[in-house]
file structure_17.cif (mmCIF, C-alpha atoms)
data_final
loop_
_atom_site.label_atom_id
_atom_site.label_comp_id
_atom_site.auth_asym_id
_atom_site.auth_seq_id
_atom_site.Cartn_x
_atom_site.Cartn_y
_atom_site.Cartn_z
CA MET D 19 28.54 -27.35 22.46
CA PRO D 20 26.61 -25.36 25.10
CA PHE D 21 23.05 -24.15 24.85
CA HIS D 22 22.43 -20.82 26.62
CA LEU D 23 19.09 -19.58 27.98
CA HIS D 24 19.14 -15.97 29.19
CA PHE D 25 16.70 -15.10 31.98
CA GLY D 26 15.07 -11.83 32.92
CA GLU D 27 13.30 -11.09 36.18
CA GLN D 28 9.91 -12.13 34.80
CA ASP D 29 11.31 -15.44 33.54
CA LEU D 30 12.31 -16.52 37.04
CA LEU D 31 8.78 -15.76 38.21
CA ARG D 32 7.31 -17.91 35.41
CA CYS D 33 9.33 -21.09 35.87
CA ARG D 34 7.17 -24.13 36.56
CA PHE D 35 7.37 -27.92 36.78
CA ALA D 36 5.28 -30.28 34.67
CA VAL D 37 4.85 -33.99 33.97
CA SER D 38 4.10 -35.13 30.43
CA PRO D 39 2.88 -38.61 29.42
CA LEU D 40 3.28 -37.60 25.76
CA TRP D 41 6.93 -36.67 26.28
CA GLU D 42 7.57 -40.01 28.00
CA THR D 43 5.89 -41.80 25.10
CA GLN D 44 8.08 -40.27 22.40
CA ALA D 45 11.14 -40.67 24.65
CA ALA D 46 10.28 -44.36 25.08
CA VAL D 47 10.12 -44.70 21.29
CA ARG D 48 13.54 -43.06 21.09
CA THR D 49 14.92 -45.44 23.73
CA LEU D 50 14.04 -48.41 21.51
CA ALA D 51 16.39 -47.03 18.84
CA ARG D 52 19.22 -45.90 21.17
CA PRO D 53 21.19 -48.84 22.68
CA GLU D 54 23.20 -46.46 24.89
CA ARG D 55 19.98 -45.62 26.79
CA HIS D 56 19.07 -49.24 27.54
CA GLY D 57 21.02 -49.70 30.79
CA TYR D 58 18.30 -48.73 33.26
CA HIS D 59 15.43 -49.94 31.11
CA LEU D 60 16.38 -53.51 30.08
CA PRO D 61 13.57 -55.16 32.12
CA TRP D 62 11.04 -52.86 30.45
CA LEU D 63 12.56 -53.42 27.00
CA ARG D 64 12.39 -57.20 27.35
CA ARG D 65 8.77 -57.02 28.42
CA ILE D 66 7.49 -54.69 25.68
CA ARG D 67 9.59 -55.96 22.78
CA GLY D 68 6.75 -57.97 21.26
CA ALA D 69 4.34 -55.05 21.48
CA ALA D 70 6.92 -52.69 19.97
CA ASP D 71 7.52 -55.03 17.05
CA GLY D 72 3.83 -54.69 16.16
CA ILE D 73 4.12 -50.91 15.56
CA ASP D 74 5.86 -49.37 12.56
CA LEU D 75 7.90 -46.73 14.37
CA ARG D 76 10.06 -45.76 11.37
CA PRO D 77 8.23 -42.47 10.64
CA LEU D 78 8.86 -41.36 14.23
CA TRP D 79 12.48 -42.53 14.21
CA ALA D 80 13.07 -40.64 10.95
CA LEU D 81 12.27 -37.42 12.85
CA MET D 82 14.55 -38.21 15.80
CA PRO D 83 18.06 -37.53 14.44
CA GLU D 84 20.80 -38.06 17.00
CA GLY D 85 21.81 -34.63 18.30
CA GLY D 86 19.67 -32.82 15.73
CA HIS D 87 16.34 -31.02 15.63
CA ASN D 88 13.32 -32.96 16.78
CA PRO D 89 9.84 -31.67 15.92
CA ASP D 90 8.36 -29.62 18.73
CA PHE D 91 4.81 -30.23 17.60
CA PHE D 92 4.63 -33.91 18.53
CA CYS D 93 5.74 -33.40 22.12
CA PRO D 94 4.88 -29.79 23.10
CA PRO D 95 5.37 -28.76 26.75
CA PRO D 96 2.18 -29.50 28.69
CA GLN D 97 -0.01 -26.54 29.48
CA GLY D 98 -0.62 -27.64 33.07
CA PRO D 99 1.37 -29.47 35.76
CA ALA D 100 -0.26 -32.85 35.06
CA SER D 101 -1.91 -32.98 31.62
CA THR D 102 -3.40 -36.27 30.45
CA PHE D 103 -2.19 -38.06 27.35
CA GLU D 104 -5.56 -37.45 25.71
CA GLU D 105 -5.25 -33.69 26.25
CA GLU D 106 -1.73 -33.64 24.86
CA ILE D 107 -2.36 -35.78 21.79
CA ALA D 108 -5.36 -33.58 20.91
CA LEU D 109 -2.96 -30.62 20.70
CA VAL D 110 -0.73 -32.61 18.36
CA ARG D 111 -3.65 -33.39 16.06
CA GLY D 112 -4.48 -29.68 15.91
CA THR D 113 -1.03 -28.60 14.72
CA PRO D 114 -1.23 -26.03 11.88
CA VAL D 115 0.00 -27.42 8.56
CA ARG D 116 2.67 -24.75 8.05
CA THR D 117 4.08 -25.35 11.53
CA ALA D 118 4.18 -29.09 10.93
CA ARG D 119 5.85 -28.73 7.52
CA ASP D 120 8.62 -26.49 8.87
CA ASP D 121 9.20 -28.71 11.89
CA ILE D 122 9.35 -31.90 9.81
CA ALA D 123 11.71 -30.34 7.26
CA ALA D 124 14.07 -29.13 10.00
CA ALA D 125 14.25 -32.60 11.57
CA LEU D 126 14.84 -34.34 8.24
CA ALA D 127 17.57 -31.85 7.34
CA ASP D 128 19.53 -33.03 10.40
CA ALA D 129 19.24 -36.71 9.46
CA PRO D 130 21.69 -38.19 6.90
CA GLY D 131 19.74 -38.47 3.64
CA GLY D 132 16.57 -37.55 5.50
CA PRO D 133 14.72 -35.35 2.98
CA ASP D 134 15.55 -37.68 0.07
CA SER D 135 14.77 -40.96 1.79
CA PRO D 136 11.50 -42.75 0.95
CA VAL D 137 10.22 -42.14 4.47
CA GLY D 138 11.32 -38.48 4.39
CA ARG D 139 9.62 -37.81 1.06
CA ALA D 140 6.42 -39.42 2.28
CA LEU D 141 6.41 -37.30 5.44
CA LEU D 142 6.91 -34.06 3.51
CA LYS D 143 4.48 -34.84 0.71
CA ASP D 144 1.35 -34.25 2.78
CA PRO D 145 2.11 -32.56 6.15
CA ALA D 146 -1.53 -32.55 7.23
CA ARG D 147 -1.77 -36.31 6.75
CA THR D 148 1.63 -36.77 8.37
CA VAL D 149 0.46 -35.02 11.55
CA GLN D 150 -2.45 -37.43 11.91
CA ARG D 151 -0.25 -40.44 11.09
CA LEU D 152 2.34 -39.44 13.68
CA ALA D 153 -0.38 -38.82 16.26
CA ASP D 154 -1.80 -42.29 15.53
CA LEU D 155 1.65 -43.85 16.02
CA LEU D 156 2.21 -41.97 19.26
CA GLU D 157 -1.18 -43.12 20.49
CA GLN D 158 -0.35 -46.73 19.63
CA ALA D 159 3.00 -46.40 21.37
CA TRP D 160 1.33 -44.91 24.45
CA HIS D 161 -1.15 -47.76 24.81
CA ALA D 162 1.38 -50.52 24.09
CA LEU D 163 4.60 -49.27 25.65
CA VAL D 164 3.92 -46.69 28.35
CA GLU D 165 0.33 -46.73 29.62
CA PRO D 166 0.58 -50.13 31.40
CA ASP D 167 3.40 -48.73 33.54
CA TRP D 168 2.17 -45.14 33.74
CA PRO D 169 1.05 -45.26 37.42
CA ARG D 170 4.59 -46.28 38.38
CA LEU D 171 6.24 -43.76 36.05
CA ARG D 172 3.91 -40.93 37.06
CA ALA D 173 4.60 -41.60 40.74
CA LEU D 174 8.34 -41.33 40.20
CA LEU D 175 7.98 -38.17 38.12
CA GLU D 176 5.61 -36.51 40.60
CA ALA D 177 7.95 -37.47 43.43
CA ASP D 178 10.78 -35.76 41.55
CA VAL D 179 8.69 -32.62 41.11
CA ALA D 180 7.73 -32.61 44.79
CA TYR D 181 11.35 -33.05 45.86
CA HIS D 182 12.76 -30.37 43.56
CA SER D 183 9.93 -27.95 44.33
CA ARG D 184 10.91 -28.20 47.97
CA ARG D 185 14.60 -27.72 47.10
CA LEU D 186 13.69 -24.65 45.03
CA ALA D 187 11.85 -23.17 48.01
CA GLU D 188 14.78 -23.94 50.31
CA GLY D 189 17.72 -22.85 48.18
CA GLY D 190 16.52 -20.86 45.17
CA PHE D 191 16.90 -21.40 41.45
CA GLU D 192 20.71 -21.36 41.30
CA ARG D 193 21.02 -24.19 43.79
CA LEU D 194 18.22 -26.12 42.10
CA VAL D 195 19.97 -26.04 38.71
CA GLY D 196 23.05 -27.73 40.13
CA GLU D 197 20.93 -30.55 41.54
CA LEU D 198 18.88 -31.28 38.42
CA SER D 199 21.84 -32.47 36.34
CA PRO D 200 25.63 -31.99 36.13
CA ARG D 201 25.01 -30.87 32.54
CA LEU D 202 23.29 -27.70 33.79
CA ALA D 203 25.02 -24.57 35.11
CA TRP D 204 23.78 -21.17 36.25
CA GLN D 205 25.77 -17.96 36.05
CA ASP D 206 24.92 -14.31 35.45
CA ALA D 207 21.20 -15.04 34.94
CA THR D 208 22.04 -17.57 32.21
CA LEU D 209 21.19 -21.28 32.24
CA THR D 210 23.79 -23.25 30.27
CA ILE D 211 23.16 -26.78 29.02
CA VAL D 212 26.23 -28.78 28.02
CA GLY D 213 26.06 -31.67 25.58
CA MET D 214 23.51 -30.44 23.03
CA ARG D 215 24.53 -30.04 19.41
CA GLY D 216 25.20 -26.51 18.19
CA ASP D 217 25.97 -23.32 20.07
CA HIS D 218 22.57 -21.75 20.68
CA VAL D 219 21.73 -18.56 22.51
CA ARG D 220 18.15 -17.76 23.42
CA VAL D 221 16.61 -14.88 25.37
CA LEU D 222 13.49 -16.10 27.14
CA GLY D 223 11.91 -12.66 27.03
CA GLY D 224 9.43 -13.15 29.85
CA GLN D 225 8.11 -16.55 28.74
CA GLY D 226 9.63 -18.37 31.67
CA LEU D 227 10.66 -22.01 31.53
CA VAL D 228 9.00 -25.41 31.93
CA LEU D 229 11.08 -27.92 33.91
CA MET D 230 10.14 -31.51 33.11
CA PRO D 231 11.61 -34.64 34.73
CA SER D 232 11.82 -37.64 32.41
CA VAL D 233 12.33 -41.35 32.92
CA PHE D 234 13.27 -42.27 29.36
CA SER D 235 15.42 -39.24 28.50
CA TRP D 236 18.31 -40.40 30.71
CA PRO D 237 21.17 -39.48 30.56
CA ASP D 238 20.39 -36.49 28.34
CA VAL D 239 19.24 -33.00 29.20
CA VAL D 240 17.10 -31.62 26.39
CA SER D 241 15.97 -28.09 25.69
CA GLY D 242 14.48 -26.05 22.91
CA TYR D 243 11.01 -25.27 21.63
CA GLU D 244 10.39 -22.43 19.25
CA PRO D 245 7.34 -20.14 19.42
CA PRO D 246 4.45 -20.64 19.94
CA TRP D 247 5.62 -23.12 22.59
CA GLN D 248 7.06 -22.13 25.94
CA PRO D 249 10.76 -23.03 26.29
CA ALA D 250 11.42 -26.17 28.32
CA VAL D 251 14.26 -28.12 29.86
CA ILE D 252 13.85 -31.88 30.23
CA TYR D 253 16.16 -33.54 32.74
CA PRO D 254 16.63 -37.12 34.08
CA ALA D 255 14.28 -37.92 36.95
CA ARG D 256 15.65 -39.05 40.30
CA GLY D 257 15.36 -42.70 41.29
CA ILE D 258 15.26 -44.43 37.90
CA GLY D 259 17.99 -46.87 38.96
CA GLY D 260 15.50 -48.98 40.88
CA LEU D 261 12.46 -48.29 38.72
CA TRP D 262 12.12 -51.76 37.20
CA THR D 263 13.50 -53.89 40.06
CA ARG D 264 11.27 -55.85 42.42
CA VAL D 265 11.02 -54.28 45.87
CA ALA D 266 11.35 -57.67 47.56
CA ASP D 267 14.79 -58.06 45.97
CA ARG D 268 15.95 -54.84 47.70
CA THR D 269 14.59 -55.48 51.21
CA PRO D 270 17.36 -56.46 53.66
CA ASP D 271 16.59 -59.70 55.50
CA ALA D 272 17.41 -58.08 58.85
CA VAL D 273 14.78 -55.37 58.25
CA ALA D 274 12.22 -58.01 57.21
CA ARG D 275 12.87 -59.96 60.43
CA LEU D 276 12.48 -56.80 62.51
CA LEU D 277 9.36 -55.33 60.90
CA GLY D 278 7.84 -58.28 59.10
CA ARG D 279 8.29 -58.94 55.40
CA VAL D 280 5.36 -56.91 54.05
CA ARG D 281 5.91 -53.88 56.28
CA ALA D 282 9.62 -53.93 55.46
CA ASP D 283 8.83 -54.08 51.74
CA VAL D 284 6.60 -51.01 52.12
CA LEU D 285 9.39 -49.10 53.87
CA CYS D 286 12.05 -50.15 51.35
CA ALA D 287 9.77 -49.33 48.40
CA LEU D 288 9.94 -45.65 49.31
CA ASP D 289 13.25 -44.82 47.65
CA GLU D 290 11.21 -41.93 46.26
CA PRO D 291 8.04 -40.42 47.76
CA ALA D 292 4.95 -42.33 46.65
CA GLY D 293 1.25 -42.64 47.36
CA THR D 294 -0.81 -45.60 48.56
CA THR D 295 -2.15 -46.61 45.14
CA VAL D 296 1.26 -46.66 43.48
CA LEU D 297 2.82 -48.62 46.34
CA ALA D 298 -0.01 -51.13 46.16
CA GLN D 299 0.59 -51.63 42.43
CA ARG D 300 4.34 -51.85 42.93
CA LEU D 301 4.03 -54.41 45.73
CA LEU D 302 1.03 -56.31 44.31
CA LEU D 303 -0.92 -55.69 47.51
CA ALA D 304 -4.38 -54.36 48.29
CA PRO D 305 -4.42 -50.57 48.85
CA SER D 306 -6.06 -51.11 52.24
CA THR D 307 -3.16 -53.35 53.29
CA VAL D 308 -0.57 -50.82 52.18
CA SER D 309 -2.47 -48.00 53.89
CA ALA D 310 -2.49 -49.86 57.19
CA HIS D 311 1.26 -50.50 57.06
CA LEU D 312 1.96 -46.88 56.08
CA ALA D 313 0.03 -45.67 59.11
CA VAL D 314 2.05 -47.91 61.45
CA LEU D 315 5.36 -46.83 59.90
CA ARG D 316 4.39 -43.17 60.15
CA ASP D 317 3.30 -43.53 63.78
CA ALA D 318 6.66 -45.19 64.51
CA GLY D 319 8.52 -42.16 63.13
CA LEU D 320 9.86 -43.98 60.06
CA LEU D 321 7.74 -42.04 57.52
CA THR D 322 6.28 -38.60 56.99
CA SER D 323 3.39 -37.70 54.72
CA ARG D 324 2.32 -34.58 52.82
CA ARG D 325 -0.27 -33.77 50.23
CA TYR D 326 0.78 -33.17 46.62
CA GLY D 327 -2.02 -32.40 44.17
CA HIS D 328 -4.63 -35.14 44.32
CA GLN D 329 -2.73 -37.57 46.51
CA VAL D 330 -0.83 -37.99 49.77
CA LEU D 331 2.86 -38.82 49.30
CA TYR D 332 4.82 -40.78 51.89
CA GLU D 333 8.58 -40.58 52.31
CA ARG D 334 11.11 -41.96 54.76
CA THR D 335 12.40 -39.92 57.68
CA PRO D 336 16.15 -40.02 58.45
CA LEU D 337 15.42 -42.86 60.89
CA GLY D 338 13.49 -44.71 58.20
CA MET D 339 16.32 -44.17 55.71
CA ALA D 340 18.87 -45.54 58.16
CA LEU D 341 16.72 -48.60 58.87
CA ALA D 342 16.16 -49.26 55.15
CA GLY D 343 19.89 -49.04 54.53
CA SER D 344 20.05 -45.74 52.61
CA ASP D 345 22.09 -42.65 53.39
CA PRO D 346 20.00 -39.72 54.73
CA ASP D 347 22.46 -37.30 53.13
CA ASP D 348 21.43 -38.61 49.68
CA ALA D 349 17.80 -37.62 50.17
#

call {"tool": "encode", "arguments": {"input": "structure_17.cif", "output": "structure tokens"}}
result
Amino acid sequence: MPFHLHFGEQDLLRCRFAVSPLWETQAAVRTLARPERHGYHLPWLRRIRGAADGIDLRPLWALMPEGGHNPDFFCPPPQGPASTFEEEIALVRGTPVRTARDDIAAALADAPGGPDSPVGRALLKDPARTVQRLADLLEQAWHALVEPDWPRLRALLEADVAYHSRRLAEGGFERLVGELSPRLAWQDATLTIVGMRGDHVRVLGGQGLVLMPSVFSWPDVVSGYEPPWQPAVIYPARGIGGLWTRVADRTPDAVARLLGRVRADVLCALDEPAGTTVLAQRLLLAPSTVSAHLAVLRDAGLLTSRRYGHQVLYERTPLGMALAGSDPDDA
């Protein structure tokens, strides 16, 4: 059933993008329990399985009913464009008891047998303690499952934000919506999300909207958040298909012979815009080495660069795309 968000003039002025390590953490926990989401993430799942087995994730899973309400308080929209995990988890720990109790009860009501299960009863018995327990589990999950790969994930998410921010400036909000996901549609100042359970209608009322790309939410588009949180839409980030593959496996031999193996790997690693540090981690090279190759590729007209926040992002020009074997029209 569709989910409708009605916009006013002020809402369009208050739309913003954000990246959330806390959202990715709880979405990673959800991915462990959802086999249909494993396709793109099998290399990651194989690598973290042992670490995941050492964390009792059942209390979190009990509050993640398929297609039902999920508590807003343990993954609230970030207050800034790039909040840290520490900032976000501190907000979780400060959740008012009444808010937590209502949120937990709503999630359990959407899970078969949820309120009457041993886990459900334990979660409802002492909401204040439950908040701290869930925050502890999310923190464990962050350190074990997500933080080791966060530079790579953050680079992909920030590249998505940079790309879609540019598309928003070029074509406006209506065109942007169609590019974020085929599950989103825009008509008569209303954003419609297809595939969520229930037929919801919500008037934003001047709050605006947070747009958040996500690696682990694929293929879903998620929306919601009740007051006091700002409404948000979480959509699949671009480029996750090659997230866990080795760059060397994707570099054509002909390009490697032309440019040299390392320089070709740098060019082919830029399926999405990225900075020097992330490329160095992805390619297992020294940042100085990557920086030197980026400069040569840029001077040759194969790359462009622009500043985004605290870093410089590099991306392929149409000539660079053609040489790397990608279609410039897909950029």

call {"tool": "closest_residue", "arguments": {"input": "structure_17.cif", "among": "D:Gly213, D:Pro20, D:Pro254, D:Pro246", "to": "Ser199 of chain D", "atoms": "all atoms listed in the file"}}
result
D:Pro254

call {"tool": "closest_atom_pairs", "arguments": {"input": "structure_17.cif", "of": "segment 133-229 of chain D", "to": "segment 94-102 of chain D", "cutoff": "12 Å", "atoms": "all atoms listed in the file", "output": "JSON lines"}}
result
{"residue": "D:Trp160", "atom": "CA", "partner": "D:Thr102", "partner_atom": "CA", "distance": 11.5}
{"residue": "D:Glu165", "atom": "CA", "partner": "D:Thr102", "partner_atom": "CA", "distance": 11.1}
{"residue": "D:Trp168", "atom": "CA", "partner": "D:Thr102", "partner_atom": "CA", "distance": 11.0}
{"residue": "D:Arg172", "atom": "CA", "partner": "D:Ala100", "partner_atom": "CA", "distance": 9.3}
{"residue": "D:Ala173", "atom": "CA", "partner": "D:Ala100", "partner_atom": "CA", "distance": 11.5}
{"residue": "D:Leu175", "atom": "CA", "partner": "D:Ala100", "partner_atom": "CA", "distance": 10.3}
{"residue": "D:Glu176", "atom": "CA", "partner": "D:Ala100", "partner_atom": "CA", "distance": 8.9}
{"residue": "D:Val179", "atom": "CA", "partner": "D:Pro99", "partner_atom": "CA", "distance": 9.6}
{"residue": "D:Ala180", "atom": "CA", "partner": "D:Pro99", "partner_atom": "CA", "distance": 11.5}
{"residue": "D:Leu227", "atom": "CA", "partner": "D:Pro95", "partner_atom": "CA", "distance": 9.8}
{"residue": "D:Val228", "atom": "CA", "partner": "D:Pro95", "partner_atom": "CA", "distance": 7.2}
{"residue": "D:Leu229", "atom": "CA", "partner": "D:Pro95", "partner_atom": "CA", "distance": 9.2}

call {"tool": "residues_around", "arguments": {"input": "structure_17.cif", "residues": "Gly224 of chain D", "least_positions_apart": "4", "cutoff": "10 Å", "atoms": "only C-alpha atoms", "output": "ChimeraX atom specification"}}
result
/D:25-33

call {"tool": "closest_residue", "arguments": {"input": "structure_17.cif", "among": "D:Leu78, D:Ala292, D:Ala159, D:Ala118", "to": "Leu40 of chain D", "atoms": "all atoms listed in the file"}}
result
D:Ala159

call {"tool": "closest_residue", "arguments": {"input": "structure_17.cif", "among": "D:Ala318, D:Val330, D:Val273, D:Cys93", "to": "Pro39 of chain D", "atoms": "all atoms listed in the file"}}
result
D:Cys93

call {"tool": "closest_residue", "arguments": {"input": "structure_17.cif", "among": "D:Ala250, D:Ser183, D:Val195, D:Arg111", "to": "Asp154 of chain D", "atoms": "all atoms listed in the file"}}
result
D:Arg111

call {"tool": "residues_around", "arguments": {"input": "structure_17.cif", "residues": "Pro130 of chain D", "least_positions_apart": "4", "cutoff": "10 Å", "atoms": "only C-alpha atoms", "output": "PDB file with C-alpha atoms, in the coordinates of the input"}}
result
ATOM      1  CA  ALA D  80      13.070 -40.640  10.950  1.00  0.00           C
ATOM      2  CA  PRO D  83      18.060 -37.530  14.440  1.00  0.00           C
ATOM      3  CA  LEU D 126      14.840 -34.340   8.240  1.00  0.00           C
ATOM      4  CA  ASP D 134      15.550 -37.680   0.070  1.00  0.00           C
ATOM      5  CA  SER D 135      14.770 -40.960   1.790  1.00  0.00           C
TER       6      SER D 135
END

call {"tool": "closest_residue", "arguments": {"input": "structure_17.cif", "among": "D:Glu188, D:Gly196, D:Trp247, D:Leu301", "to": "Thr113 of chain D", "atoms": "only C-alpha atoms"}}
result
D:Trp247

call {"tool": "resolve_selection", "arguments": {"input": "structure_17.cif", "expression": "the PyMOL selection byres ((chain D and resi 156) around 9)", "output": "JSON, numbers by chain"}}
result
{"D": [40, 43, 44, 47, 75, 78, 92, 107, 151, 152, 153, 154, 155, 157, 158, 159, 160, 161]}
